[in-house]
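What follows is a short report on a single structure.
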Amino acid sequence: MNNKLFQWFYNMPKLTNKNDKDYIAKISLNIAVSLFLFNLVAVLISFFIVTTTENYELSFNVLAGALLIFTVYIVGGYSIYAKRKINRVVTHDNTHIVKNSFTSAVYITLIIYLLNSLTNALSFHTSLISELKNPMSYIIPTVIGIIYGVLMALITWYRNK
């Protein structure tokens, strides 16, 4: 994982100290390895669900939900721990927190909406346009996006506290 991407995603300060940069590099490497291992386990679980039940939508929802929970809680908590260990104080106003959380929520909603529609179109042999118009194709991702945005705002607010 790129250090700048890690710092941008978790609103970490720009580091000038060499030891802090090395520590952030270590943290981002730990997170990259953890994400790889967790993705491998999540894919195996979703593959098991597909082969036993042939329910592609359930498999996708389990996979997306597991990755969402992992990203928000585990990686977010680890970055909070790292930030406190570095002892950097970053003050952001509430509009910055809300703007970043809203942007993250919109991105995750669009990604889940498009992937869910594509998965349904491929698994049920329907047209992609009809799946994009299906109300459940955009209601579920919107709810997931709202939950994700609220959780990201709470984590960012707590981290900046």
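Identifiers in the structure tokens: chain A, B, ... in order shown; residue index from 1 per chain; ligand index from 1 in order shown.
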Problem set entry | Residues near A:Ala153, cut-off 7 Å, only C-alpha atoms, skip fewer than 3 positions along chain, as a PyMOL selection string | chain A and resi 97-98+101+149-150+156-157
Write the selection just made, keeping N, CA and C atoms, as a PDB file, in the first residue's frame?
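Now in part28.pdb:
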ATOM      1  N   ILE A  97     -14.367  16.689   7.715  1.00  0.00           N
ATOM      2  CA  ILE A  97     -14.716  15.316   8.058  1.00  0.00           C
ATOM      3  C   ILE A  97     -15.944  14.880   7.274  1.00  0.00           C
ATOM      4  N   VAL A  98     -16.957  15.717   7.242  1.00  0.00           N
ATOM      5  CA  VAL A  98     -18.190  15.384   6.542  1.00  0.00           C
ATOM      6  C   VAL A  98     -17.934  15.251   5.040  1.00  0.00           C
ATOM      7  N   SER A 101     -16.024  11.958   4.373  1.00  0.00           N
ATOM      8  CA  SER A 101     -16.901  10.817   4.620  1.00  0.00           C
ATOM      9  C   SER A 101     -17.961  10.706   3.541  1.00  0.00           C
ATOM     10  N   GLY A 149     -20.371   5.790   5.276  1.00  0.00           N
ATOM     11  CA  GLY A 149     -20.050   7.205   5.468  1.00  0.00           C
ATOM     12  C   GLY A 149     -20.144   7.631   6.921  1.00  0.00           C
ATOM     13  N   VAL A 150     -21.172   7.168   7.610  1.00  0.00           N
ATOM     14  CA  VAL A 150     -21.327   7.511   9.029  1.00  0.00           C
ATOM     15  C   VAL A 150     -20.188   6.906   9.846  1.00  0.00           C
ATOM     16  N   THR A 156     -13.081   9.126  11.875  1.00  0.00           N
ATOM     17  CA  THR A 156     -12.259  10.306  11.645  1.00  0.00           C
ATOM     18  C   THR A 156     -12.421  11.317  12.774  1.00  0.00           C
ATOM     19  N   TRP A 157     -13.653  11.510  13.233  1.00  0.00           N
ATOM     20  CA  TRP A 157     -13.877  12.430  14.345  1.00  0.00           C
ATOM     21  C   TRP A 157     -13.174  11.949  15.599  1.00  0.00           C
TER      22      TRP A 157
END
For this session: Excluding A:Ser123 and any residue of its chain fewer than 2 positions from it, enumerate the residues within 12 Å of it, using only C-alpha atoms, and give them as a list in words.
Result: Val50, Glu54, Asn55, Tyr56, Glu57, Leu58, Ser59, Phe60, Leu115, Asn116, Ser117, Leu118, Thr119, Asn120, Ala121, His125, Thr126, Ser127, Leu128 and Glu131 of chain A
Problem set entry | Nearest residue to A:Tyr158 from the set A:Gly77, A:Ile129, A:Lys99, A:Val106 (distances using only C-alpha atoms) |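 Comparing A:Gly77, A:Ile129, A:Lys99, A:Val106 against A:Tyr158, the winner is A:Gly77.
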Exercise. Neighbours of stretch 137-147 of chain A within 6 Å (only C-alpha atoms; same-chain residues fewer than 3 positions away dropped), as a PyMOL selection string?
Worked result: chain A and resi 105+108-109+112-113+134+150
Problem set entry | stretch 11-155 of chain A: residues DSSP assigns to alpha helix (DSSP H), reported as a ChimeraX atom specification | /A:18-53,56-69,76-86,94-124,128-133,135-155
Exercise. Which residues, written as a PyMOL selection string, have at least one atom at most 10 Å from A:Asn30, with only C-alpha atoms counted and residues fewer than 6 positions away on the same chain left out?
Worked result: chain A and resi 1+24+36+75+78
Selection export as a compact mmCIF listing (two decimals), in the first residue's frame, atoms kept: all heavy atoms:
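Saved the output as again.txt:
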# COMPACT_ATOMS: atom_id res chain seq x y z
N MET A 1 0.85 -1.17 0.00
CA MET A 1 0.00 0.00 0.00
C MET A 1 0.90 1.24 0.00
O MET A 1 1.84 1.32 0.77
CB MET A 1 -0.89 -0.03 1.23
CG MET A 1 -1.83 1.13 1.32
SD MET A 1 -2.82 1.06 2.82
CE MET A 1 -4.37 0.62 2.12
N ILE A 24 5.34 4.67 9.30
CA ILE A 24 4.17 4.64 8.43
C ILE A 24 4.36 3.60 7.33
O ILE A 24 3.43 2.90 6.95
CB ILE A 24 3.88 6.04 7.85
CG1 ILE A 24 3.34 6.96 8.94
CG2 ILE A 24 2.89 5.99 6.70
CD1 ILE A 24 1.99 6.54 9.48
N PHE A 36 -4.32 -8.61 2.03
CA PHE A 36 -4.15 -9.74 1.13
C PHE A 36 -4.66 -11.03 1.77
O PHE A 36 -5.41 -11.79 1.15
CB PHE A 36 -2.68 -9.89 0.72
CG PHE A 36 -2.42 -11.14 -0.06
CD1 PHE A 36 -2.83 -11.24 -1.37
CD2 PHE A 36 -1.78 -12.22 0.53
CE1 PHE A 36 -2.61 -12.39 -2.10
CE2 PHE A 36 -1.56 -13.38 -0.18
CZ PHE A 36 -1.97 -13.47 -1.51
N VAL A 75 -8.61 -1.80 9.87
CA VAL A 75 -7.60 -0.89 9.32
C VAL A 75 -7.75 0.50 9.93
O VAL A 75 -6.75 1.15 10.25
CB VAL A 75 -7.69 -0.86 7.77
CG1 VAL A 75 -6.67 0.09 7.20
CG2 VAL A 75 -7.49 -2.25 7.20
N TYR A 78 -6.35 0.33 13.41
CA TYR A 78 -4.89 0.24 13.37
C TYR A 78 -4.27 1.59 13.05
O TYR A 78 -3.24 1.96 13.59
CB TYR A 78 -4.47 -0.81 12.34
CG TYR A 78 -3.02 -1.21 12.44
CD1 TYR A 78 -2.55 -1.89 13.55
CD2 TYR A 78 -2.13 -0.91 11.42
CE1 TYR A 78 -1.23 -2.27 13.65
CE2 TYR A 78 -0.80 -1.28 11.51
CZ TYR A 78 -0.36 -1.97 12.63
OH TYR A 78 0.95 -2.33 12.73
Exercise. Distance atom CA of A:Phe102-atom CA of A:Phe38, one decimal place?
Worked result: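 Atom CA of A:Phe102 sits 25.9 Å away from atom CA of A:Phe38.
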Exercise. What does the distance between atom CA of A:Ile69 and atom CA of A:Leu122 come to in Å, to one decimal place?
Worked result: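 Rounded to one decimal, the two atoms are 25.9 Å apart.
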